[in-house]
Structures are given as structure tokens and as C-alpha cells.
$ cat data-v7.cif   # mmCIF, C-alpha atoms
data_entry
#
loop_
_atom_site.group_PDB
_atom_site.id
_atom_site.type_symbol
_atom_site.label_atom_id
_atom_site.label_comp_id
_atom_site.auth_asym_id
_atom_site.auth_seq_id
_atom_site.Cartn_x
_atom_site.Cartn_y
_atom_site.Cartn_z
ATOM 1 C CA MET X 1 9.046 12.787 -17.408
ATOM 2 C CA THR X 2 8.005 9.213 -18.082
ATOM 3 C CA TYR X 3 7.123 7.088 -15.086
ATOM 4 C CA THR X 4 8.261 3.474 -15.122
ATOM 5 C CA GLN X 5 7.171 0.418 -13.212
ATOM 6 C CA PRO X 6 10.001 -0.912 -11.059
ATOM 7 C CA GLU X 7 10.795 -4.596 -11.150
ATOM 8 C CA LEU X 8 9.815 -6.410 -7.975
ATOM 9 C CA PRO X 9 12.723 -7.424 -5.715
ATOM 10 C CA TYR X 10 11.410 -10.999 -5.517
ATOM 11 C CA ALA X 11 9.989 -13.671 -7.852
ATOM 12 C CA GLN X 12 6.255 -13.741 -8.630
ATOM 13 C CA ASP X 13 5.773 -16.837 -6.472
ATOM 14 C CA ALA X 14 7.980 -15.643 -3.581
ATOM 15 C CA LEU X 15 5.122 -14.345 -1.421
ATOM 16 C CA GLU X 16 3.135 -17.590 -1.462
ATOM 17 C CA PRO X 17 1.003 -18.641 0.275
ATOM 18 C CA ALA X 18 0.076 -15.126 1.489
ATOM 19 C CA ILE X 19 -0.142 -13.801 -2.088
ATOM 20 C CA SER X 20 -0.134 -16.260 -4.995
ATOM 21 C CA ALA X 21 2.005 -15.940 -8.096
ATOM 22 C CA GLU X 22 -1.200 -15.571 -10.113
ATOM 23 C CA THR X 23 -2.314 -12.614 -7.999
ATOM 24 C CA VAL X 24 1.108 -10.946 -8.297
ATOM 25 C CA LYS X 25 1.017 -11.538 -12.055
ATOM 26 C CA TYR X 26 -2.362 -9.831 -12.465
ATOM 27 C CA HIS X 27 -2.220 -7.310 -9.636
ATOM 28 C CA TYR X 28 1.283 -5.942 -10.174
ATOM 29 C CA GLY X 29 1.829 -7.125 -13.736
ATOM 30 C CA LYS X 30 -1.442 -5.885 -15.233
ATOM 31 C CA HIS X 31 -3.307 -3.543 -12.840
ATOM 32 C CA GLU X 32 -0.195 -1.606 -11.839
ATOM 33 C CA LYS X 33 1.094 -1.528 -15.401
ATOM 34 C CA ALA X 34 -2.219 0.006 -16.544
ATOM 35 C CA TYR X 35 -2.074 2.726 -13.867
ATOM 36 C CA ILE X 36 1.424 3.721 -14.970
ATOM 37 C CA GLU X 37 0.495 3.694 -18.654
ATOM 38 C CA ASN X 38 -2.599 5.824 -17.951
ATOM 39 C CA LEU X 39 -0.559 8.200 -15.788
ATOM 40 C CA ASN X 40 1.997 8.700 -18.565
ATOM 41 C CA ARG X 41 -0.780 9.375 -21.070
ATOM 42 C CA LEU X 42 -2.765 11.731 -18.820
ATOM 43 C CA ILE X 43 0.155 13.804 -17.554
ATOM 44 C CA LYS X 44 1.383 14.910 -20.991
ATOM 45 C CA GLY X 45 0.865 18.625 -21.511
ATOM 46 C CA THR X 46 -0.205 19.311 -17.921
ATOM 47 C CA GLU X 47 1.495 21.472 -15.309
ATOM 48 C CA PHE X 48 2.616 18.216 -13.645
ATOM 49 C CA GLU X 49 4.502 16.839 -16.640
ATOM 50 C CA ASP X 50 7.904 17.233 -14.940
ATOM 51 C CA SER X 51 6.780 16.667 -11.348
ATOM 52 C CA ASP X 52 7.680 13.842 -9.032
ATOM 53 C CA LEU X 53 4.873 11.419 -8.299
ATOM 54 C CA GLU X 54 4.286 12.663 -4.746
ATOM 55 C CA GLU X 55 3.664 16.210 -5.992
ATOM 56 C CA VAL X 56 1.204 14.934 -8.591
ATOM 57 C CA ILE X 57 -0.677 13.050 -5.863
ATOM 58 C CA VAL X 58 -0.830 16.021 -3.501
ATOM 59 C CA ARG X 59 -1.793 18.652 -6.096
ATOM 60 C CA SER X 60 -3.808 16.931 -8.852
ATOM 61 C CA SER X 61 -7.399 15.723 -9.049
ATOM 62 C CA GLY X 62 -9.674 13.547 -11.132
ATOM 63 C CA ALA X 63 -8.297 10.853 -13.411
ATOM 64 C CA LEU X 64 -4.733 12.150 -13.136
ATOM 65 C CA PHE X 65 -4.833 11.900 -9.335
ATOM 66 C CA ASN X 66 -6.462 8.457 -9.441
ATOM 67 C CA ASN X 67 -3.841 6.977 -11.747
ATOM 68 C CA ALA X 68 -0.883 8.726 -10.089
ATOM 69 C CA SER X 69 -1.978 7.682 -6.624
ATOM 70 C CA GLN X 70 -2.818 4.118 -7.637
ATOM 71 C CA ALA X 71 0.573 3.783 -9.367
ATOM 72 C CA TRP X 72 2.341 5.049 -6.219
ATOM 73 C CA ASN X 73 0.151 3.056 -3.815
ATOM 74 C CA HIS X 74 0.808 -0.233 -5.588
ATOM 75 C CA ILE X 75 4.566 0.265 -5.706
ATOM 76 C CA PHE X 76 4.541 1.214 -2.023
ATOM 77 C CA TYR X 77 2.398 -1.850 -1.214
ATOM 78 C CA PHE X 78 4.402 -4.445 -3.122
ATOM 79 C CA PHE X 79 7.729 -3.060 -1.898
ATOM 80 C CA SER X 80 6.543 -3.472 1.728
ATOM 81 C CA PHE X 81 6.770 -7.258 1.458
ATOM 82 C CA SER X 82 9.477 -9.882 1.478
ATOM 83 C CA PRO X 83 9.458 -13.670 1.337
ATOM 84 C CA ASP X 84 11.557 -13.396 4.525
ATOM 85 C CA GLY X 85 9.103 -10.983 6.156
ATOM 86 C CA GLY X 86 6.775 -11.364 9.069
ATOM 87 C CA GLY X 87 7.348 -11.108 12.767
ATOM 88 C CA GLU X 88 7.075 -7.778 14.530
ATOM 89 C CA PRO X 89 8.768 -4.395 14.205
ATOM 90 C CA THR X 90 11.576 -3.352 16.508
ATOM 91 C CA GLY X 91 13.355 -0.160 17.474
ATOM 92 C CA ASP X 92 11.787 3.287 17.261
ATOM 93 C CA LEU X 93 8.814 2.096 15.213
ATOM 94 C CA ARG X 94 7.946 -0.570 17.781
ATOM 95 C CA MET X 95 8.192 1.970 20.589
ATOM 96 C CA ALA X 96 5.872 4.319 18.656
ATOM 97 C CA ILE X 97 3.369 1.500 18.017
ATOM 98 C CA ASP X 98 3.370 0.574 21.716
ATOM 99 C CA ARG X 99 3.013 4.258 22.669
ATOM 100 C CA ASP X 100 0.186 5.071 20.250
ATOM 101 C CA PHE X 101 -1.727 1.758 20.205
ATOM 102 C CA GLY X 102 -0.821 0.132 23.534
ATOM 103 C CA SER X 103 0.777 -2.948 21.941
ATOM 104 C CA PHE X 104 1.613 -4.508 18.594
ATOM 105 C CA GLU X 105 -1.396 -6.818 18.935
ATOM 106 C CA ASN X 106 -3.710 -3.834 19.498
ATOM 107 C CA PHE X 107 -2.233 -2.115 16.445
ATOM 108 C CA ARG X 108 -2.529 -5.229 14.301
ATOM 109 C CA ARG X 109 -6.163 -5.768 15.322
ATOM 110 C CA ALA X 110 -7.079 -2.107 14.702
ATOM 111 C CA PHE X 111 -5.307 -2.134 11.319
ATOM 112 C CA VAL X 112 -7.150 -5.245 10.125
ATOM 113 C CA ASP X 113 -10.454 -3.912 11.501
ATOM 114 C CA ALA X 114 -9.949 -0.672 9.557
ATOM 115 C CA GLY X 115 -9.257 -2.661 6.383
ATOM 116 C CA VAL X 116 -12.270 -4.919 6.861
ATOM 117 C CA GLY X 117 -14.445 -1.939 7.783
ATOM 118 C CA LEU X 118 -13.681 0.093 4.669
ATOM 119 C CA PHE X 119 -16.813 -0.050 2.546
ATOM 120 C CA GLY X 120 -16.009 -0.730 -1.078
ATOM 121 C CA SER X 121 -12.457 -0.511 -2.369
ATOM 122 C CA GLY X 122 -9.353 1.281 -1.189
ATOM 123 C CA TRP X 123 -6.453 1.105 1.222
ATOM 124 C CA VAL X 124 -5.725 0.921 4.935
ATOM 125 C CA TRP X 125 -2.636 2.877 6.016
ATOM 126 C CA LEU X 126 -0.238 3.237 8.896
ATOM 127 C CA SER X 127 1.222 6.738 8.712
ATOM 128 C CA LYS X 128 3.004 9.244 10.904
ATOM 129 C CA ASP X 129 2.774 12.970 11.324
ATOM 130 C CA ASN X 130 5.725 15.358 11.595
ATOM 131 C CA ASP X 131 6.004 14.624 15.327
ATOM 132 C CA GLY X 132 6.189 10.847 14.798
ATOM 133 C CA LYS X 133 2.662 10.140 16.073
ATOM 134 C CA LEU X 134 1.145 7.135 14.316
ATOM 135 C CA PHE X 135 -2.267 6.988 12.668
ATOM 136 C CA ILE X 136 -4.341 4.275 11.030
ATOM 137 C CA THR X 137 -6.431 5.696 8.217
ATOM 138 C CA GLN X 138 -8.682 4.368 5.500
ATOM 139 C CA GLY X 139 -8.190 5.589 1.950
ATOM 140 C CA PRO X 140 -11.206 4.869 -0.222
ATOM 141 C CA ASN X 141 -10.511 4.313 -3.918
ATOM 142 C CA ALA X 142 -7.062 5.845 -4.668
ATOM 143 C CA GLY X 143 -6.835 7.643 -1.314
ATOM 144 C CA ASN X 144 -3.356 8.346 0.006
ATOM 145 C CA PRO X 145 -2.281 9.925 3.343
ATOM 146 C CA LEU X 146 0.150 12.196 1.481
ATOM 147 C CA THR X 147 -2.891 14.360 0.708
ATOM 148 C CA GLU X 148 -3.415 14.825 4.466
ATOM 149 C CA GLY X 149 0.194 15.818 5.150
ATOM 150 C CA LEU X 150 1.054 12.413 6.641
ATOM 151 C CA THR X 151 4.005 10.157 5.842
ATOM 152 C CA PRO X 152 2.855 6.651 4.845
ATOM 153 C CA LEU X 153 4.697 3.737 6.465
ATOM 154 C CA LEU X 154 2.637 0.659 5.548
ATOM 155 C CA THR X 155 -0.452 -0.072 3.508
ATOM 156 C CA PHE X 156 -2.649 -3.059 2.787
ATOM 157 C CA ASP X 157 -4.688 -3.025 -0.413
ATOM 158 C CA VAL X 158 -8.384 -3.755 0.120
ATOM 159 C CA TRP X 159 -9.474 -3.589 -3.500
ATOM 160 C CA GLU X 160 -10.949 -6.976 -4.412
ATOM 161 C CA HIS X 161 -8.402 -7.509 -7.176
ATOM 162 C CA ALA X 162 -5.718 -7.613 -4.464
ATOM 163 C CA TYR X 163 -7.076 -10.755 -2.839
ATOM 164 C CA TYR X 164 -10.044 -12.254 -4.694
ATOM 165 C CA LEU X 165 -8.126 -14.942 -6.614
ATOM 166 C CA ASP X 166 -6.624 -16.250 -3.367
ATOM 167 C CA TYR X 167 -9.265 -15.490 -0.723
ATOM 168 C CA HIS X 168 -12.481 -14.829 -2.686
ATOM 169 C CA ASN X 169 -14.660 -12.589 -0.505
ATOM 170 C CA LEU X 170 -12.730 -13.243 2.736
ATOM 171 C CA ARG X 171 -11.046 -9.862 3.098
ATOM 172 C CA LYS X 172 -10.124 -10.381 6.747
ATOM 173 C CA ASP X 173 -8.307 -13.644 5.946
ATOM 174 C CA ALA X 174 -6.392 -11.890 3.177
ATOM 175 C CA LEU X 175 -5.347 -9.060 5.486
ATOM 176 C CA GLU X 176 -4.298 -11.439 8.260
ATOM 177 C CA ALA X 177 -2.108 -13.388 5.819
ATOM 178 C CA LEU X 178 -0.180 -10.236 4.838
ATOM 179 C CA TRP X 179 1.401 -9.982 8.296
ATOM 180 C CA THR X 180 3.516 -13.038 7.411
ATOM 181 C CA ILE X 181 5.284 -11.154 4.601
ATOM 182 C CA VAL X 182 5.610 -7.575 5.905
ATOM 183 C CA ASP X 183 9.218 -6.451 5.575
ATOM 184 C CA TRP X 184 9.586 -4.578 8.858
ATOM 185 C CA ASP X 185 13.056 -3.349 7.895
ATOM 186 C CA VAL X 186 11.496 -1.430 4.992
ATOM 187 C CA VAL X 187 8.615 -0.127 7.118
ATOM 188 C CA GLU X 188 11.004 0.920 9.897
ATOM 189 C CA SER X 189 13.193 2.769 7.383
ATOM 190 C CA ARG X 190 10.142 4.821 6.368
ATOM 191 C CA TYR X 191 9.582 5.816 9.996
#
$ encode --input "data-v7.cif" --output "C-alpha cells"
Amino acid sequence: MTYTQPELPYAQDALEPAISAETVKYHYGKHEKAYIENLNRLIKGTEFEDSDLEEVIVRSSGALFNNASQAWNHIFYFFSFSPDGGGEPTGDLRMAIDRDFGSFENFRRAFVDAGVGLFGSGWVWLSKDNDGKLFITQGPNAGNPLTEGLTPLLTFDVWEHAYYLDYHNLRKDALEALWTIVDWDVVESRY
């Protein structure tokens, strides 16, 4: 199996000002492309050669895991956004957020705090377990909640390459800006 990088459902400049066209160009166009190319090179001749990406993430380790997970994480991240995004979730997801975090504002604050508080590089995730309970987790480096048996719903990338061109070292500002482009319809469909 050869993994391919999907085309984004919006133009490179569509997420501005939250994420600049230059950041999309480098982050998705170059970083993500490299992860997929490395994954395709590393997977040849392994037991995972014909596996779907989620299985590779859950069962592999080392460089293969890192590239598989980073390829998946970036696609998941970029496909969580829309130029028409923002606002707040509704329906069952909103009820679960209110149940498990007290309010959307509490959730939002805890999510940003987890992203800011992650030392080094990685990801902050909103995920659910099999019973629908929500969790905020930090995934250092290529970490992914799939490895913990959770279903990811939303992630923000806290690697510096995700925000440095636009926000320099102001990680919190970068994370706060992402709320304006979250596509809650996509996130809700994952719930």
C-alpha cells in the first residue's frame, strides 16, 4: 500500500489570520509531505506494508510509528479546520463537553492550558472512550490517543513549526487563534 497526502479542502490562505498561507505551505506542504514519504519508504517489507494507517500507529514503534503517527496527526489536524469555522459545538458533543468539563469555556481553557503546558513538542487532544466520556490528553512528539484505546475528536499541534512563522514563541496566542477556525461539524461527526 502506498499512502498519499490528501489535498486540503480549502485554499492555502483560507485559514488566515489564524494560520497564514506561508505556514500552511510549509507545515502541510513540506512537513506533512516528508512524513508521508518517510512512511512509504519505511513500511516497505514490514509486516505493516498492507495495513491501514491506524493499525500501523497502534502496533508499530520507532521511526515507523513516528512517521505514521505524524502523517495521520497532521491530516487529522488540518481537516479539523474550515475558513467558516469557529463558534461552539452543538448537539451530543456539546452535551458531553458540558457534562465532562462543566462548560465549553472550562473545556476551552483546559485544552489551551494542556497545550501550553506540554513541555517540548507534540499535540493536545480531545478524545472519547467507548462510553463517550471525553478526555483532554497531551501527546508528546508523535503521540496519538489511538495508542491508548481512545477515539480522537480534535487536536491542536504544539510543535513550533505549526505556529512559529505566525506567532513566534507565543504558543498560547497560536492555540487561542485556532478556535476561530475549528470546524465543529467535522469534530461532532467524529463523536
$ closest_residue --input "data-v7.cif" --among "X:Thr4, X:Asn169, X:Gln138, X:Ser82" --to "Ile19 (chain X)" --atoms "all atoms listed in the file"
X:Ser82
$ closest_residue --input "data-v7.cif" --among "X:Gly45, X:Pro89, X:Pro9, X:Gly132" --to "Asp185 (chain X)" --atoms "all atoms listed in the file"
X:Pro89
$ closest_residue --input "data-v7.cif" --among "X:Ala142, X:Val116, X:Val24, X:Met95" --to "Asn67 (chain X)" --atoms "only C-alpha atoms"
X:Ala142
$ atom_distance --input "data-v7.cif" --atom1 "CA of Arg171 (chain X)" --atom2 "CA of Gly62 (chain X)"
27.4 Å
$ residues_around --input "data-v7.cif" --residues "Glu7 (chain X)" --least-positions-apart "2" --cutoff "12 Å" --atoms "only C-alpha atoms" --output "PyMOL selection string"
chain X and resi 4-5+9-12+24+28-29+32-33+75+78-79
$ resolve_selection --input "data-v7.cif" --expression "the PyMOL selection byres ((chain X and resi 20) around 12)" --output "ChimeraX atom specification"
/X:11-19,21-28,83,162-167,174,177-178
$ atom_distance --input "data-v7.cif" --atom1 "CA of Gly139 (chain X)" --atom2 "CA of Ala71 (chain X)"
14.4 Å
$ atom_distance --input "data-v7.cif" --atom1 "CA of Ser80 (chain X)" --atom2 "CA of Glu176 (chain X)"
15.0 Å
$ resolve_selection --input "data-v7.cif" --expression "the PyMOL selection byres ((chain X and resi 189) around 12)" --output "number ranges by chain"
X: 80, 89-93, 151-154, 183-188, 190-191
$ residues_around --input "data-v7.cif" --residues "Trp179 (chain X)" --least-positions-apart "4" --cutoff "8 Å" --atoms "only C-alpha atoms" --output "PDB file with C-alpha atoms, keeping the file's coordinate frame"
ATOM      1  CA  GLY X  86       6.775 -11.364   9.069  1.00  0.00           C
ATOM      2  CA  GLY X  87       7.348 -11.108  12.767  1.00  0.00           C
ATOM      3  CA  LEU X 175      -5.347  -9.060   5.486  1.00  0.00           C
TER       4      LEU X 175
END
$ axis_aligned_box --input "data-v7.cif" --around "region 33-45 of chain X" --padding-each-side "6 Å" --output "lines of an AutoDock Vina configuration file"
center_x = -0.4
center_y = 8.5
center_z = -17.7
size_x = 16.8
size_y = 32.2
size_z = 19.6
$ resolve_selection --input "data-v7.cif" --expression "the PyMOL selection byres ((chain X and resi 148-150) around 10)" --output "PyMOL selection string"
chain X and resi 58+126-130+132-135+143-147+151-153
$ residues_around --input "data-v7.cif" --residues "Thr46 (chain X)" --least-positions-apart "6" --cutoff "12 Å" --atoms "all atoms listed in the file" --output "PyMOL selection string"
chain X and resi 1+39-40+56+59-61+64
$ residues_around --input "data-v7.cif" --residues "Gly115 (chain X)" --least-positions-apart "3" --cutoff "6 Å" --atoms "all atoms listed in the file" --output "list in words"
Val112, Leu118 and Val124 of chain X
$ decode --input "data-v7.cif" --residues "region 91-103 of chain X" --atoms "all heavy atoms" --output "JSON list (two decimals), in the first residue's frame"
[["chain", "number", "residue", "atom", "x", "y", "z"],
["X", 91, "GLY", "N", -25.30, 19.93, 19.89],
["X", 91, "GLY", "CA", -25.74, 18.54, 19.92],
["X", 91, "GLY", "C", -25.09, 17.69, 20.99],
["X", 91, "GLY", "O", -24.76, 18.16, 22.08],
["X", 92, "ASP", "N", -24.91, 16.40, 20.65],
["X", 92, "ASP", "CA", -24.38, 15.43, 21.62],
["X", 92, "ASP", "C", -22.99, 15.78, 22.10],
["X", 92, "ASP", "O", -22.66, 15.59, 23.28],
["X", 92, "ASP", "CB", -24.36, 14.03, 21.01],
["X", 92, "ASP", "CG", -25.76, 13.47, 20.79],
["X", 92, "ASP", "OD1", -26.71, 13.97, 21.43],
["X", 92, "ASP", "OD2", -25.89, 12.53, 19.99],
["X", 93, "LEU", "N", -22.14, 16.31, 21.20],
["X", 93, "LEU", "CA", -20.79, 16.69, 21.63],
["X", 93, "LEU", "C", -20.85, 17.81, 22.65],
["X", 93, "LEU", "O", -20.15, 17.76, 23.67],
["X", 93, "LEU", "CB", -19.93, 17.10, 20.43],
["X", 93, "LEU", "CG", -18.53, 17.59, 20.77],
["X", 93, "LEU", "CD1", -17.71, 16.51, 21.49],
["X", 93, "LEU", "CD2", -17.80, 18.07, 19.52],
["X", 94, "ARG", "N", -21.68, 18.80, 22.42],
["X", 94, "ARG", "CA", -21.79, 19.91, 23.38],
["X", 94, "ARG", "C", -22.28, 19.40, 24.73],
["X", 94, "ARG", "O", -21.78, 19.81, 25.78],
["X", 94, "ARG", "CB", -22.72, 20.99, 22.83],
["X", 94, "ARG", "CG", -22.94, 22.15, 23.81],
["X", 94, "ARG", "CD", -21.57, 22.75, 24.24],
["X", 94, "ARG", "NE", -21.73, 23.81, 25.19],
["X", 94, "ARG", "CZ", -21.70, 25.10, 24.87],
["X", 94, "ARG", "NH1", -21.57, 25.48, 23.62],
["X", 94, "ARG", "NH2", -21.83, 26.00, 25.80],
["X", 95, "MET", "N", -23.26, 18.51, 24.71],
["X", 95, "MET", "CA", -23.76, 17.95, 25.97],
["X", 95, "MET", "C", -22.66, 17.19, 26.70],
["X", 95, "MET", "O", -22.53, 17.29, 27.92],
["X", 95, "MET", "CB", -24.98, 17.06, 25.71],
["X", 95, "MET", "CG", -26.20, 17.86, 25.31],
["X", 95, "MET", "SD", -27.75, 16.93, 25.27],
["X", 95, "MET", "CE", -27.36, 15.55, 24.22],
["X", 96, "ALA", "N", -21.83, 16.45, 25.95],
["X", 96, "ALA", "CA", -20.73, 15.70, 26.57],
["X", 96, "ALA", "C", -19.68, 16.66, 27.14],
["X", 96, "ALA", "O", -19.12, 16.41, 28.21],
["X", 96, "ALA", "CB", -20.11, 14.75, 25.56],
["X", 97, "ILE", "N", -19.38, 17.73, 26.42],
["X", 97, "ILE", "CA", -18.41, 18.73, 26.92],
["X", 97, "ILE", "C", -18.94, 19.35, 28.21],
["X", 97, "ILE", "O", -18.21, 19.46, 29.21],
["X", 97, "ILE", "CB", -18.13, 19.80, 25.85],
["X", 97, "ILE", "CG1", -17.25, 19.21, 24.75],
["X", 97, "ILE", "CG2", -17.49, 21.04, 26.47],
["X", 97, "ILE", "CD1", -17.06, 20.11, 23.54],
["X", 98, "ASP", "N", -20.20, 19.75, 28.22],
["X", 98, "ASP", "CA", -20.79, 20.34, 29.43],
["X", 98, "ASP", "C", -20.78, 19.34, 30.58],
["X", 98, "ASP", "O", -20.49, 19.69, 31.72],
["X", 98, "ASP", "CB", -22.21, 20.83, 29.15],
["X", 98, "ASP", "CG", -22.24, 22.05, 28.25],
["X", 98, "ASP", "OD1", -21.18, 22.70, 28.06],
["X", 98, "ASP", "OD2", -23.32, 22.36, 27.71],
["X", 99, "ARG", "N", -21.08, 18.08, 30.28],
["X", 99, "ARG", "CA", -21.10, 17.02, 31.30],
["X", 99, "ARG", "C", -19.71, 16.79, 31.89],
["X", 99, "ARG", "O", -19.53, 16.71, 33.10],
["X", 99, "ARG", "CB", -21.64, 15.73, 30.69],
["X", 99, "ARG", "CG", -21.66, 14.53, 31.63],
["X", 99, "ARG", "CD", -21.86, 13.22, 30.89],
["X", 99, "ARG", "NE", -20.67, 12.91, 30.09],
["X", 99, "ARG", "CZ", -20.72, 12.37, 28.86],
["X", 99, "ARG", "NH1", -21.86, 12.08, 28.30],
["X", 99, "ARG", "NH2", -19.60, 12.13, 28.22],
["X", 100, "ASP", "N", -18.70, 16.67, 31.01],
["X", 100, "ASP", "CA", -17.38, 16.25, 31.46],
["X", 100, "ASP", "C", -16.46, 17.40, 31.87],
["X", 100, "ASP", "O", -15.47, 17.17, 32.58],
["X", 100, "ASP", "CB", -16.71, 15.40, 30.38],
["X", 100, "ASP", "CG", -17.44, 14.07, 30.17],
["X", 100, "ASP", "OD1", -18.12, 13.60, 31.10],
["X", 100, "ASP", "OD2", -17.33, 13.52, 29.06],
["X", 101, "PHE", "N", -16.77, 18.63, 31.43],
["X", 101, "PHE", "CA", -15.90, 19.77, 31.76],
["X", 101, "PHE", "C", -16.65, 20.90, 32.45],
["X", 101, "PHE", "O", -16.04, 21.88, 32.86],
["X", 101, "PHE", "CB", -15.20, 20.30, 30.50],
["X", 101, "PHE", "CG", -14.33, 19.28, 29.84],
["X", 101, "PHE", "CD1", -14.75, 18.64, 28.68],
["X", 101, "PHE", "CD2", -13.11, 18.90, 30.38],
["X", 101, "PHE", "CE1", -13.97, 17.69, 28.06],
["X", 101, "PHE", "CE2", -12.32, 17.95, 29.78],
["X", 101, "PHE", "CZ", -12.75, 17.33, 28.61],
["X", 102, "GLY", "N", -17.96, 20.80, 32.58],
["X", 102, "GLY", "CA", -18.74, 21.83, 33.26],
["X", 102, "GLY", "C", -19.29, 22.89, 32.31],
["X", 102, "GLY", "O", -20.39, 23.38, 32.51],
["X", 103, "SER", "N", -18.52, 23.24, 31.29],
["X", 103, "SER", "CA", -18.97, 24.23, 30.29],
["X", 103, "SER", "C", -17.97, 24.22, 29.14],
["X", 103, "SER", "O", -16.85, 23.70, 29.27],
["X", 103, "SER", "CB", -19.04, 25.63, 30.89],
["X", 103, "SER", "OG", -17.73, 26.12, 31.18]]
